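A.B. asks: So that you have it, the file is upload.cif, and it contains mmCIF, C-alpha atoms (C1' of nucleotides):
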```
data_structure
loop_
_atom_site.label_atom_id
_atom_site.label_comp_id
_atom_site.auth_asym_id
_atom_site.auth_seq_id
_atom_site.Cartn_x
_atom_site.Cartn_y
_atom_site.Cartn_z
CA MET S 230 11.20 39.68 -4.35
CA THR S 231 7.59 39.50 -5.43
CA THR S 232 7.05 37.99 -8.83
CA ALA S 233 3.93 38.26 -10.94
CA SER S 234 3.14 34.58 -10.45
CA GLU S 235 3.33 34.96 -6.70
CA GLY S 236 0.89 37.81 -6.91
CA THR S 237 -1.43 35.70 -9.03
CA ALA S 238 -1.19 32.78 -6.64
CA LYS S 239 -2.06 35.10 -3.79
CA GLU S 240 -5.13 36.48 -5.54
CA ALA S 241 -6.21 32.97 -6.50
CA LEU S 242 -5.99 31.85 -2.87
CA ILE S 243 -7.95 34.86 -1.64
CA ASP S 244 -10.65 34.23 -4.23
CA ALA S 245 -10.85 30.55 -3.35
CA LEU S 246 -11.11 31.33 0.37
CA ARG S 247 -13.82 33.93 -0.20
CA ARG S 248 -15.83 31.55 -2.35
CA ARG S 249 -15.61 28.98 0.39
CA GLY S 250 -16.62 31.44 3.09
CA GLY S 251 -13.23 31.01 4.70
CA ARG S 252 -11.13 33.74 6.22
CA VAL S 253 -8.05 35.32 4.74
CA THR S 254 -5.46 35.12 7.48
CA SER S 255 -1.81 36.05 7.45
CA GLN S 256 -0.87 32.45 8.27
CA ARG S 257 -2.64 31.16 5.17
CA LEU S 258 -1.14 33.83 2.95
CA VAL S 259 2.38 33.20 4.20
CA ILE S 260 2.14 29.41 3.98
CA ASN S 261 0.92 29.74 0.41
CA GLU S 262 3.74 32.14 -0.40
CA ILE S 263 6.33 29.77 1.06
CA LEU S 264 4.98 26.87 -0.98
CA ARG S 265 5.14 28.85 -4.25
CA GLU S 266 8.59 30.14 -3.37
CA LEU S 267 9.84 26.62 -2.63
CA GLY S 268 8.35 25.15 -5.80
CA ARG S 269 8.87 21.60 -4.51
CA HIS S 270 7.44 19.26 -1.91
CA ALA S 271 8.25 19.77 1.77
CA THR S 272 7.26 18.42 5.17
CA ALA S 273 4.95 20.28 7.54
CA GLU S 274 7.86 20.93 9.90
CA GLU S 275 10.04 22.26 7.08
CA ILE S 276 7.27 24.61 6.03
CA ARG S 277 6.77 25.79 9.60
CA GLU S 278 10.46 26.64 9.90
CA ARG S 279 10.35 28.74 6.76
CA VAL S 280 7.12 30.41 7.79
CA GLU S 281 8.73 31.34 11.09
CA VAL S 282 11.01 33.80 9.30
CA HIS S 283 8.10 35.78 7.90
CA LEU S 284 5.61 35.24 10.70
CA PRO S 285 6.72 34.07 14.17
CA ASN S 286 4.80 31.69 16.45
CA VAL S 287 2.92 29.75 13.81
CA SER S 288 1.99 26.41 15.31
CA LEU S 289 2.38 23.04 13.66
CA PRO S 290 -1.34 22.20 14.00
CA THR S 291 -2.10 25.37 12.06
CA VAL S 292 0.35 24.35 9.35
CA TYR S 293 -1.30 20.94 9.12
CA SER S 294 -4.84 22.29 8.99
CA THR S 295 -3.87 24.94 6.46
CA LEU S 296 -2.22 22.39 4.19
CA GLU S 297 -5.26 20.16 4.48
CA LEU S 298 -7.41 23.12 3.48
CA PHE S 299 -5.11 23.91 0.55
CA GLU S 300 -5.41 20.32 -0.58
CA GLU S 301 -9.21 20.61 -0.57
CA LEU S 302 -8.89 23.83 -2.55
CA GLY S 303 -6.78 21.92 -5.04
CA ILE S 304 -3.70 24.12 -4.77
CA VAL S 305 -1.54 21.50 -3.02
CA ARG S 306 -1.11 17.75 -3.32
CA SER S 307 0.13 15.54 -0.53
CA PHE S 308 1.83 12.17 -0.58
CA ARG S 309 3.78 9.99 1.80
CA GLY S 310 7.56 9.97 1.62
CA GLY S 311 9.77 6.95 2.16
CA ASP S 312 9.87 7.18 5.91
CA GLY S 313 6.11 7.62 6.19
CA VAL S 314 6.28 11.38 6.56
CA THR S 315 3.68 13.37 4.66
CA LEU S 316 5.03 15.67 1.96
CA TYR S 317 3.12 18.64 0.55
CA ASP S 318 3.68 19.59 -3.05
CA PRO S 319 2.75 22.88 -4.72
CA ARG S 320 2.84 21.06 -8.06
CA THR S 321 -0.67 19.76 -8.59
CA ASP S 322 -0.12 18.00 -11.91
CA PRO S 323 0.42 14.27 -11.50
CA HIS S 324 4.10 13.40 -11.80
CA PRO S 325 6.09 10.38 -10.61
CA HIS S 326 8.22 10.50 -7.50
CA LEU S 327 11.49 8.77 -6.73
CA ILE S 328 11.97 7.77 -3.12
CA CYS S 329 15.35 6.66 -1.78
CA GLU S 330 15.08 3.77 0.67
CA SER S 331 18.36 4.69 2.29
CA CYS S 332 18.19 8.45 2.93
CA GLY S 333 14.43 8.85 2.50
CA VAL S 334 14.75 11.78 0.11
CA ALA S 335 11.93 12.21 -2.42
CA THR S 336 12.56 13.77 -5.79
CA ASP S 337 10.39 14.50 -8.80
CA LEU S 338 10.78 12.44 -11.92
CA GLU S 339 10.21 14.32 -15.13
CA ALA S 340 8.71 11.64 -17.29
CA PRO S 341 5.63 11.40 -19.44
CA LEU S 342 3.22 9.25 -17.55
CA ASP S 343 0.03 7.57 -18.63
CA LEU S 344 -2.19 7.09 -15.63
CA ALA S 345 -5.41 7.32 -17.64
CA GLY S 346 -5.58 3.55 -18.11
CA ALA S 347 -5.35 2.85 -14.40
CA ILE S 348 -7.91 5.55 -13.62
CA GLU S 349 -10.33 4.08 -16.15
CA ALA S 350 -9.76 0.60 -14.74
CA ALA S 351 -10.46 1.96 -11.25
CA LYS S 352 -13.75 3.47 -12.43
CA GLY S 353 -14.63 0.17 -14.02
CA ALA S 354 -14.09 -1.48 -10.64
CA GLY S 355 -16.68 0.81 -9.01
CA PHE S 356 -14.10 3.12 -7.52
CA SER S 357 -14.30 6.94 -7.72
CA PRO S 358 -10.70 8.07 -8.37
CA ARG S 359 -9.50 11.51 -7.37
CA THR S 360 -5.79 11.27 -8.04
CA ALA S 361 -3.19 8.71 -9.02
CA ASP S 362 0.43 8.65 -7.94
CA LEU S 363 3.34 6.64 -9.18
CA VAL S 364 6.17 6.07 -6.74
CA VAL S 365 9.47 4.49 -7.76
CA THR S 366 11.40 3.13 -4.79
CA GLY S 367 15.11 2.38 -4.81
CA LEU S 368 18.41 4.08 -4.15
CA CYS S 369 19.30 7.62 -5.11
CA HIS S 370 22.55 8.34 -6.90
CA SER S 371 24.59 9.31 -3.83
CA CYS S 372 23.30 6.43 -1.67
CA ALA S 373 23.95 3.91 -4.44
CA SER S 374 27.52 5.22 -4.75
CA GLN S 375 28.20 4.77 -1.06
CA ALA S 376 26.95 1.17 -1.07
CA MET B 872 -5.76 -27.67 4.89
CA THR B 873 -2.26 -27.86 3.53
CA THR B 874 -1.97 -27.25 -0.17
CA ALA B 875 0.96 -28.06 -2.38
CA SER B 876 1.70 -24.37 -2.90
CA GLU B 877 1.88 -23.81 0.84
CA GLY B 878 4.36 -26.62 1.10
CA THR B 879 6.41 -25.09 -1.69
CA ALA B 880 6.34 -21.66 -0.06
CA LYS B 881 7.52 -23.23 3.18
CA GLU B 882 10.44 -24.99 1.52
CA ALA B 883 11.34 -21.82 -0.35
CA LEU B 884 11.43 -19.85 2.89
CA ILE B 885 13.57 -22.46 4.63
CA ASP B 886 16.02 -22.48 1.72
CA ALA B 887 16.19 -18.69 1.65
CA LEU B 888 16.81 -18.55 5.40
CA ARG B 889 19.52 -21.20 5.23
CA ARG B 890 21.27 -19.43 2.37
CA ARG B 891 21.23 -16.26 4.39
CA GLY B 892 22.57 -17.98 7.50
CA GLY B 893 19.35 -17.18 9.31
CA ARG B 894 17.44 -19.44 11.64
CA VAL B 895 14.28 -21.34 10.89
CA THR B 896 11.93 -20.49 13.74
CA SER B 897 8.31 -21.43 14.29
CA GLN B 898 7.36 -17.73 14.29
CA ARG B 899 8.82 -17.23 10.83
CA LEU B 900 7.19 -20.35 9.47
CA VAL B 901 3.78 -19.46 10.85
CA ILE B 902 3.90 -15.83 9.70
CA ASN B 903 4.81 -17.01 6.21
CA GLU B 904 1.99 -19.54 6.29
CA ILE B 905 -0.53 -16.89 7.36
CA LEU B 906 0.54 -14.58 4.56
CA ARG B 907 0.15 -17.30 1.91
CA GLU B 908 -3.18 -18.33 3.41
CA LEU B 909 -4.44 -14.74 3.36
CA GLY B 910 -3.30 -14.09 -0.18
CA ARG B 911 -3.79 -10.35 0.24
CA HIS B 912 -2.20 -7.43 2.04
CA ALA B 913 -2.64 -7.02 5.80
CA THR B 914 -1.37 -4.88 8.65
CA ALA B 915 1.18 -6.09 11.17
CA GLU B 916 -1.49 -6.15 13.87
CA GLU B 917 -3.87 -8.14 11.69
CA ILE B 918 -1.14 -10.67 10.99
CA ARG B 919 -0.31 -10.93 14.67
CA GLU B 920 -3.93 -11.70 15.51
CA ARG B 921 -4.04 -14.51 12.98
CA VAL B 922 -0.69 -15.87 14.08
CA GLU B 923 -1.99 -15.96 17.66
CA VAL B 924 -4.35 -18.81 16.74
CA HIS B 925 -1.53 -21.06 15.60
CA LEU B 926 1.19 -19.83 17.95
CA PRO B 927 0.38 -17.84 21.11
CA ASN B 928 2.41 -14.95 22.55
CA VAL B 929 4.01 -13.75 19.34
CA SER B 930 4.97 -10.12 19.88
CA LEU B 931 4.34 -7.26 17.49
CA PRO B 932 8.05 -6.37 17.27
CA THR B 933 8.73 -9.91 16.11
CA VAL B 934 6.03 -9.60 13.46
CA TYR B 935 7.55 -6.34 12.24
CA SER B 936 11.11 -7.66 12.12
CA THR B 937 9.98 -10.86 10.42
CA LEU B 938 8.07 -8.95 7.77
CA GLU B 939 11.07 -6.70 7.20
CA LEU B 940 13.21 -9.81 6.76
CA PHE B 941 10.65 -11.31 4.36
CA GLU B 942 10.76 -8.11 2.35
CA GLU B 943 14.54 -8.37 2.07
CA LEU B 944 14.13 -11.98 0.98
CA GLY B 945 11.75 -10.75 -1.71
CA ILE B 946 8.77 -12.84 -0.60
CA VAL B 947 6.71 -9.88 0.66
CA ARG B 948 6.17 -6.31 -0.52
CA SER B 949 5.14 -3.48 1.76
CA PHE B 950 3.36 -0.22 1.06
CA ARG B 951 1.58 2.47 3.00
CA GLY B 952 -2.19 2.47 3.14
CA GLY B 953 -4.38 5.54 3.10
CA ASP B 954 -4.17 6.20 6.82
CA GLY B 955 -0.38 5.83 6.87
CA VAL B 956 -0.43 2.28 8.17
CA THR B 957 2.02 -0.12 6.57
CA LEU B 958 0.49 -3.00 4.65
CA TYR B 959 2.33 -6.22 3.86
CA ASP B 960 1.46 -8.02 0.67
CA PRO B 961 2.32 -11.63 -0.23
CA ARG B 962 1.86 -10.68 -3.90
CA THR B 963 5.27 -9.56 -5.06
CA ASP B 964 4.35 -8.70 -8.65
CA PRO B 965 3.75 -4.98 -9.17
CA HIS B 966 0.03 -4.23 -9.28
CA PRO B 967 -1.88 -0.98 -8.71
CA HIS B 968 -3.67 -0.30 -5.45
CA LEU B 969 -6.87 1.59 -4.81
CA ILE B 970 -7.01 3.49 -1.55
CA CYS B 971 -10.24 4.95 -0.19
CA GLU B 972 -9.77 8.34 1.42
CA SER B 973 -12.84 7.91 3.54
CA CYS B 974 -12.58 4.43 5.06
CA GLY B 975 -8.88 3.87 4.37
CA VAL B 976 -9.39 0.44 2.85
CA ALA B 977 -6.83 -0.63 0.25
CA THR B 978 -7.78 -3.00 -2.55
CA ASP B 979 -5.90 -4.48 -5.49
CA LEU B 980 -6.64 -3.27 -8.97
CA GLU B 981 -6.38 -5.89 -11.65
CA ALA B 982 -5.16 -3.86 -14.56
CA PRO B 983 -2.34 -4.20 -17.03
CA LEU B 984 0.22 -1.65 -16.03
CA ASP B 985 3.26 -0.36 -17.83
CA LEU B 986 5.77 0.81 -15.29
CA ALA B 987 8.77 0.04 -17.50
CA GLY B 988 8.86 3.57 -18.91
CA ALA B 989 8.99 5.17 -15.50
CA ILE B 990 11.65 2.73 -14.31
CA GLU B 991 13.79 3.48 -17.36
CA ALA B 992 13.33 7.20 -16.82
CA ALA B 993 14.39 6.76 -13.20
CA LYS B 994 17.56 4.95 -14.29
CA GLY B 995 18.23 7.74 -16.75
CA ALA B 996 18.04 10.19 -13.85
CA GLY B 997 20.81 8.35 -11.98
CA PHE B 998 18.42 6.52 -9.69
CA SER B 999 18.62 2.79 -8.95
CA PRO B 1000 15.02 1.60 -8.92
CA ARG B 1001 13.96 -1.47 -6.96
CA THR B 1002 10.20 -1.35 -7.30
CA ALA B 1003 7.46 0.91 -8.60
CA ASP B 1004 4.00 1.29 -7.18
CA LEU B 1005 0.93 2.95 -8.57
CA VAL B 1006 -1.63 4.17 -6.06
CA VAL B 1007 -5.04 5.46 -7.10
CA THR B 1008 -6.67 7.56 -4.38
CA GLY B 1009 -10.36 8.33 -4.19
CA LEU B 1010 -13.58 6.88 -2.79
CA CYS B 1011 -14.49 3.22 -2.75
CA HIS B 1012 -17.91 2.11 -3.94
CA SER B 1013 -19.58 1.98 -0.54
CA CYS B 1014 -18.13 5.29 0.69
CA ALA B 1015 -19.13 7.05 -2.55
CA SER B 1016 -22.68 5.72 -2.13
CA GLN B 1017 -22.96 7.11 1.40
CA ALA B 1018 -21.78 10.56 0.35
"C1'" DG E 305 28.01 -24.00 23.64
"C1'" DT E 306 27.36 -20.00 20.74
"C1'" DC E 307 24.94 -16.53 18.68
"C1'" DG E 308 20.78 -15.03 16.69
"C1'" DC E 309 15.81 -14.55 17.62
"C1'" DT E 310 12.08 -13.54 20.61
"C1'" DG E 311 9.21 -11.22 24.13
"C1'" DC E 312 8.47 -7.51 27.04
"C1'" DA E 313 8.60 -2.83 28.05
"C1'" DA E 314 9.50 1.61 26.88
"C1'" DA E 315 10.77 5.28 23.78
"C1'" DG E 316 10.24 8.00 19.65
"C1'" DT E 317 7.81 10.61 16.32
"C1'" DA E 318 4.29 12.37 13.03
"C1'" DT E 319 -0.19 13.82 13.26
"C1'" DT E 320 -4.69 14.89 15.46
"C1'" DT E 321 -7.79 16.81 18.93
"C1'" DG E 322 -9.73 19.96 22.75
"C1'" DC E 323 -10.23 24.25 24.40
"C1'" DA E 324 -9.61 29.15 25.39
"C1'" DT E 325 -8.27 33.31 22.91
"C1'" DA E 326 -7.44 36.40 19.10
"C1'" DG E 327 -8.75 38.40 14.92
"C1'" DC E 328 -11.29 38.45 10.32
"C1'" DC E 329 -15.67 39.81 8.37
"C1'" DG D 680 -20.15 41.38 17.65
"C1'" DG D 681 -20.28 36.72 15.84
"C1'" DC D 682 -17.91 32.99 14.47
"C1'" DT D 683 -13.83 31.01 12.44
"C1'" DA D 684 -8.94 30.18 12.84
"C1'" DT D 685 -5.11 29.98 15.79
"C1'" DG D 686 -1.89 28.56 19.54
"C1'" DC D 687 -0.86 25.70 23.16
"C1'" DA D 688 -0.88 21.37 25.28
"C1'" DA D 689 -1.91 16.81 25.46
"C1'" DA D 690 -3.40 12.56 23.40
"C1'" DT D 691 -3.19 9.04 19.93
"C1'" DA D 692 -1.22 5.40 17.26
"C1'" DC D 693 2.31 3.06 14.58
"C1'" DT D 694 6.73 1.53 14.63
"C1'" DT D 695 11.38 1.02 16.52
"C1'" DT D 696 14.78 0.08 20.08
"C1'" DG D 697 17.12 -1.98 24.39
"C1'" DC D 698 17.82 -5.72 26.95
"C1'" DA D 699 17.50 -10.34 29.20
"C1'" DG D 700 16.33 -15.18 28.30
"C1'" DC D 701 15.38 -18.94 25.05
"C1'" DG D 702 16.19 -21.92 21.33
"C1'" DA D 703 18.17 -23.23 16.64
"C1'" DC D 704 22.31 -25.14 14.87
#
```
Could you write out this file's structure as structure tokens?
C.D. replies:
Amino acid sequence: MTTASEGTAKEALIDALRRRGGRVTSQRLVINEILRELGRHATAEEIRERVEVHLPNVSLPTVYSTLELFEELGIVRSFRGGDGVTLYDPRTDPHPHLICESCGVATDLEAPLDLAGAIEAAKGAGFSPRTADLVVTGLCHSCASQA
Amino acid sequence: MTTASEGTAKEALIDALRRRGGRVTSQRLVINEILRELGRHATAEEIRERVEVHLPNVSLPTVYSTLELFEELGIVRSFRGGDGVTLYDPRTDPHPHLICESCGVATDLEAPLDLAGAIEAAKGAGFSPRTADLVVTGLCHSCASQA
DNA sequence: GTCGCTGCAAAGTATTTGCATAGCC
DNA sequence: GGCTATGCAAATACTTTGCAGCGAC
């Protein structure tokens, strides 16, 4: 299945790479495709496993460097999960995350969020903010039930 | 120098340990003292170095397990700094952090912060929140100047 | 005297780096 | 053909774990 949005995302990546003087490689195209297909955050290892299906022998260092590049291009955001593992998110709009202390699972929280005040305060403190993330830590529904 | 607040913090720790059935050891007392003295977040290694002055041969695993215990007791909060290193903070009230992407330094941001909405939204989503943290990522003043 | 805490050593794991090769431009 | 990106392997660094001895209670 190839949706219109996937096609658009692909063109956008190619344009961004060209503008940067970077190369359009199959690894980058597939990793981007996987991220759009997933539509949620994932670990580097998880992404590599899914890439494997479409394109064998993609190394983890390549996945890391590609995701770092995507983050610079602004098409991916990264944050640290509960167990300290880095998660990569195709959603680039700021949204709060819930992190379970027991099972480590991170989920999105759909809630209106006003980070403008904190960003302004940061600027006032001489800091140059790029992004702001809100993380709520606690127990997810299933872990809380088991306790 | 031994202030009244340090004395209070010491008594509070001893009480909390007793209630828990835990033991009052010199390592625990000194680590608590160092944290109150510092008054700001620090890494496990940094804490160990400072503890060394008062009490030699304290191992890093002991520092980690003590800080984990303190977190359970609610007298310390931990969070991940920019480079993925865990920071331990004697301030237990929620307050935003600024993390520099270039030098990795984490600083407190003194700003009024309304996390109640997000916490309520998390509850509404079936999540049991314990704490919420806001992290603003970007460049600190000195790193932004150098760029 | 008992049982938890500590110190030491070693393991575990996510991520980064170096270098030779392959492949995009 | 030049130069970037990739793959492989190894290194790095933080944190956790196992186990024997010490010390609080």
A.B. asks: Please, which residues of chain B lie no more than 8 Å from chain S when the count uses only C-alpha atoms, and can they be set out as a ChimeraX atom specification?
C.D. replies: /B:951,955,967,969,980-982,984,989-990,992-993,996-1012,1015
A.B. asks: Could you tell me which residues the PyMOL selection byres ((chain E) within 10 of (chain S)) grabs in this file, written as a ChimeraX atom specification?
C.D. replies: /E:317-321,327-329
A.B. asks: Name the residues that the PyMOL selection byres ((chain D and resi 702) around 9) pulls out of this structure, and write them as a PyMOL selection string.
C.D. replies: (chain B and resi 896) or (chain E and resi 309) or (chain D and resi 701+703)
A.B. asks: Selected residues, C-alpha atoms (C1' of nucleotides), written as a PDB file, in the coordinates of the input, please.
C.D. replies:
```
ATOM      1  CA  THR B 896      11.930 -20.490  13.740  1.00  0.00           C
TER       2      THR B 896
ATOM      3  C1'  DC E 309      15.810 -14.550  17.620  1.00  0.00           C
TER       4       DC E 309
ATOM      5  C1'  DC D 701      15.380 -18.940  25.050  1.00  0.00           C
ATOM      6  C1'  DA D 703      18.170 -23.230  16.640  1.00  0.00           C
TER       7       DA D 703
END
```
A.B. asks: Check which residues of chain D sit at most 10 Å from chain B using all atoms listed in the file, and return one row each with the closest pair of atoms and their distance in Å to one decimal, ordered by chain and rising number, as a tab-separated table.
C.D. replies:
```
residue	atom	partner	partner_atom	distance
D:DA692	C1'	B:Val956	CA	9.6
D:DC693	C1'	B:Val956	CA	7.0
D:DT694	C1'	B:Tyr935	CA	8.3
D:DT695	C1'	B:Pro932	CA	8.1
D:DT696	C1'	B:Pro932	CA	9.7
D:DG702	C1'	B:Thr896	CA	8.8
D:DA703	C1'	B:Arg894	CA	6.3
D:DC704	C1'	B:Arg894	CA	8.2
```
A.B. asks: Output, as a CSV table (one decimal) with C-alpha atoms, in the coordinates of the input, the coordinates of chain S following least-squares superposition onto chain B across all in-order C-alpha pairs.
C.D. replies:
```
chain,number,residue,atom,x,y,z
S,230,MET,CA,-5.7,-27.8,5.1
S,231,THR,CA,-2.3,-27.9,3.7
S,232,THR,CA,-2.1,-27.3,0.0
S,233,ALA,CA,0.8,-28.1,-2.3
S,234,SER,CA,1.6,-24.4,-2.8
S,235,GLU,CA,1.8,-23.8,0.9
S,236,GLY,CA,4.2,-26.7,1.2
S,237,THR,CA,6.3,-25.2,-1.6
S,238,ALA,CA,6.2,-21.7,0.0
S,239,LYS,CA,7.4,-23.3,3.2
S,240,GLU,CA,10.3,-25.1,1.6
S,241,ALA,CA,11.2,-21.9,-0.4
S,242,LEU,CA,11.4,-19.9,2.9
S,243,ILE,CA,13.5,-22.5,4.6
S,244,ASP,CA,15.9,-22.6,1.7
S,245,ALA,CA,16.1,-18.8,1.6
S,246,LEU,CA,16.8,-18.6,5.4
S,247,ARG,CA,19.4,-21.3,5.2
S,248,ARG,CA,21.2,-19.5,2.3
S,249,ARG,CA,21.2,-16.4,4.3
S,250,GLY,CA,22.5,-18.1,7.5
S,251,GLY,CA,19.3,-17.2,9.2
S,252,ARG,CA,17.4,-19.5,11.6
S,253,VAL,CA,14.2,-21.4,10.9
S,254,THR,CA,11.9,-20.5,13.7
S,255,SER,CA,8.3,-21.4,14.3
S,256,GLN,CA,7.4,-17.7,14.3
S,257,ARG,CA,8.8,-17.2,10.8
S,258,LEU,CA,7.1,-20.3,9.5
S,259,VAL,CA,3.7,-19.4,10.9
S,260,ILE,CA,3.9,-15.8,9.7
S,261,ASN,CA,4.8,-17.0,6.2
S,262,GLU,CA,1.9,-19.5,6.3
S,263,ILE,CA,-0.6,-16.9,7.4
S,264,LEU,CA,0.5,-14.6,4.6
S,265,ARG,CA,0.1,-17.3,1.9
S,266,GLU,CA,-3.2,-18.3,3.4
S,267,LEU,CA,-4.5,-14.7,3.4
S,268,GLY,CA,-3.3,-14.1,-0.2
S,269,ARG,CA,-3.8,-10.3,0.2
S,270,HIS,CA,-2.2,-7.4,2.0
S,271,ALA,CA,-2.6,-7.0,5.8
S,272,THR,CA,-1.3,-4.8,8.6
S,273,ALA,CA,1.3,-6.0,11.1
S,274,GLU,CA,-1.4,-6.1,13.9
S,275,GLU,CA,-3.8,-8.1,11.7
S,276,ILE,CA,-1.1,-10.6,11.0
S,277,ARG,CA,-0.2,-10.9,14.7
S,278,GLU,CA,-3.9,-11.6,15.5
S,279,ARG,CA,-4.0,-14.4,13.0
S,280,VAL,CA,-0.7,-15.8,14.1
S,281,GLU,CA,-1.9,-15.8,17.7
S,282,VAL,CA,-4.3,-18.7,16.8
S,283,HIS,CA,-1.5,-20.9,15.7
S,284,LEU,CA,1.2,-19.7,18.0
S,285,PRO,CA,0.4,-17.7,21.1
S,286,ASN,CA,2.5,-14.9,22.5
S,287,VAL,CA,4.1,-13.7,19.3
S,288,SER,CA,5.1,-10.1,19.8
S,289,LEU,CA,4.5,-7.2,17.4
S,290,PRO,CA,8.2,-6.3,17.2
S,291,THR,CA,8.8,-9.9,16.0
S,292,VAL,CA,6.1,-9.6,13.4
S,293,TYR,CA,7.7,-6.3,12.2
S,294,SER,CA,11.2,-7.7,12.0
S,295,THR,CA,10.0,-10.9,10.4
S,296,LEU,CA,8.1,-9.0,7.7
S,297,GLU,CA,11.1,-6.8,7.1
S,298,LEU,CA,13.2,-9.9,6.7
S,299,PHE,CA,10.7,-11.4,4.3
S,300,GLU,CA,10.8,-8.2,2.3
S,301,GLU,CA,14.6,-8.5,2.0
S,302,LEU,CA,14.1,-12.1,0.9
S,303,GLY,CA,11.7,-10.8,-1.8
S,304,ILE,CA,8.7,-12.9,-0.6
S,305,VAL,CA,6.7,-9.9,0.6
S,306,ARG,CA,6.2,-6.3,-0.6
S,307,SER,CA,5.2,-3.5,1.7
S,308,PHE,CA,3.4,-0.2,1.0
S,309,ARG,CA,1.7,2.5,2.9
S,310,GLY,CA,-2.1,2.5,3.1
S,311,GLY,CA,-4.3,5.5,3.1
S,312,ASP,CA,-4.1,6.3,6.8
S,313,GLY,CA,-0.3,5.9,6.8
S,314,VAL,CA,-0.3,2.3,8.1
S,315,THR,CA,2.1,-0.1,6.5
S,316,LEU,CA,0.5,-3.0,4.6
S,317,TYR,CA,2.4,-6.2,3.8
S,318,ASP,CA,1.5,-8.0,0.6
S,319,PRO,CA,2.3,-11.6,-0.3
S,320,ARG,CA,1.8,-10.7,-3.9
S,321,THR,CA,5.3,-9.6,-5.1
S,322,ASP,CA,4.3,-8.7,-8.7
S,323,PRO,CA,3.8,-5.0,-9.2
S,324,HIS,CA,0.1,-4.2,-9.3
S,325,PRO,CA,-1.9,-1.0,-8.7
S,326,HIS,CA,-3.7,-0.3,-5.5
S,327,LEU,CA,-6.9,1.6,-4.8
S,328,ILE,CA,-7.0,3.4,-1.6
S,329,CYS,CA,-10.3,4.9,-0.2
S,330,GLU,CA,-9.8,8.3,1.4
S,331,SER,CA,-12.9,7.8,3.5
S,332,CYS,CA,-12.6,4.3,5.1
S,333,GLY,CA,-8.9,3.8,4.4
S,334,VAL,CA,-9.4,0.4,2.8
S,335,ALA,CA,-6.8,-0.7,0.2
S,336,THR,CA,-7.8,-3.0,-2.6
S,337,ASP,CA,-5.9,-4.5,-5.5
S,338,LEU,CA,-6.6,-3.3,-9.0
S,339,GLU,CA,-6.3,-5.9,-11.7
S,340,ALA,CA,-5.1,-3.9,-14.6
S,341,PRO,CA,-2.2,-4.2,-17.0
S,342,LEU,CA,0.3,-1.7,-16.0
S,343,ASP,CA,3.3,-0.3,-17.7
S,344,LEU,CA,5.8,0.9,-15.2
S,345,ALA,CA,8.8,0.1,-17.4
S,346,GLY,CA,8.9,3.7,-18.8
S,347,ALA,CA,9.0,5.3,-15.4
S,348,ILE,CA,11.7,2.8,-14.2
S,349,GLU,CA,13.8,3.6,-17.3
S,350,ALA,CA,13.3,7.4,-16.7
S,351,ALA,CA,14.4,6.9,-13.1
S,352,LYS,CA,17.6,5.1,-14.2
S,353,GLY,CA,18.2,7.9,-16.6
S,354,ALA,CA,18.0,10.4,-13.7
S,355,GLY,CA,20.8,8.5,-11.8
S,356,PHE,CA,18.4,6.7,-9.6
S,357,SER,CA,18.6,2.9,-8.8
S,358,PRO,CA,15.0,1.7,-8.8
S,359,ARG,CA,14.0,-1.4,-6.9
S,360,THR,CA,10.2,-1.3,-7.2
S,361,ALA,CA,7.5,1.0,-8.5
S,362,ASP,CA,4.0,1.3,-7.1
S,363,LEU,CA,0.9,3.0,-8.5
S,364,VAL,CA,-1.6,4.1,-6.1
S,365,VAL,CA,-5.1,5.4,-7.1
S,366,THR,CA,-6.7,7.5,-4.4
S,367,GLY,CA,-10.4,8.2,-4.2
S,368,LEU,CA,-13.6,6.8,-2.8
S,369,CYS,CA,-14.5,3.1,-2.8
S,370,HIS,CA,-17.9,2.0,-4.0
S,371,SER,CA,-19.6,1.8,-0.6
S,372,CYS,CA,-18.2,5.2,0.6
S,373,ALA,CA,-19.1,6.9,-2.6
S,374,SER,CA,-22.7,5.6,-2.2
S,375,GLN,CA,-23.0,6.9,1.3
S,376,ALA,CA,-21.9,10.4,0.3
```
A.B. asks: Can you work out the spacing between CA of Ala271 in chain S and CA of Pro319 in chain S in Å, to one decimal?
C.D. replies: 9.1 Å
A.B. asks: Quick one: distance from CA of Glu266 in chain S to CA of Ala238 in chain S in Å, one decimal?
C.D. replies: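 Distance reported for this atom pair: 10.6 Å.
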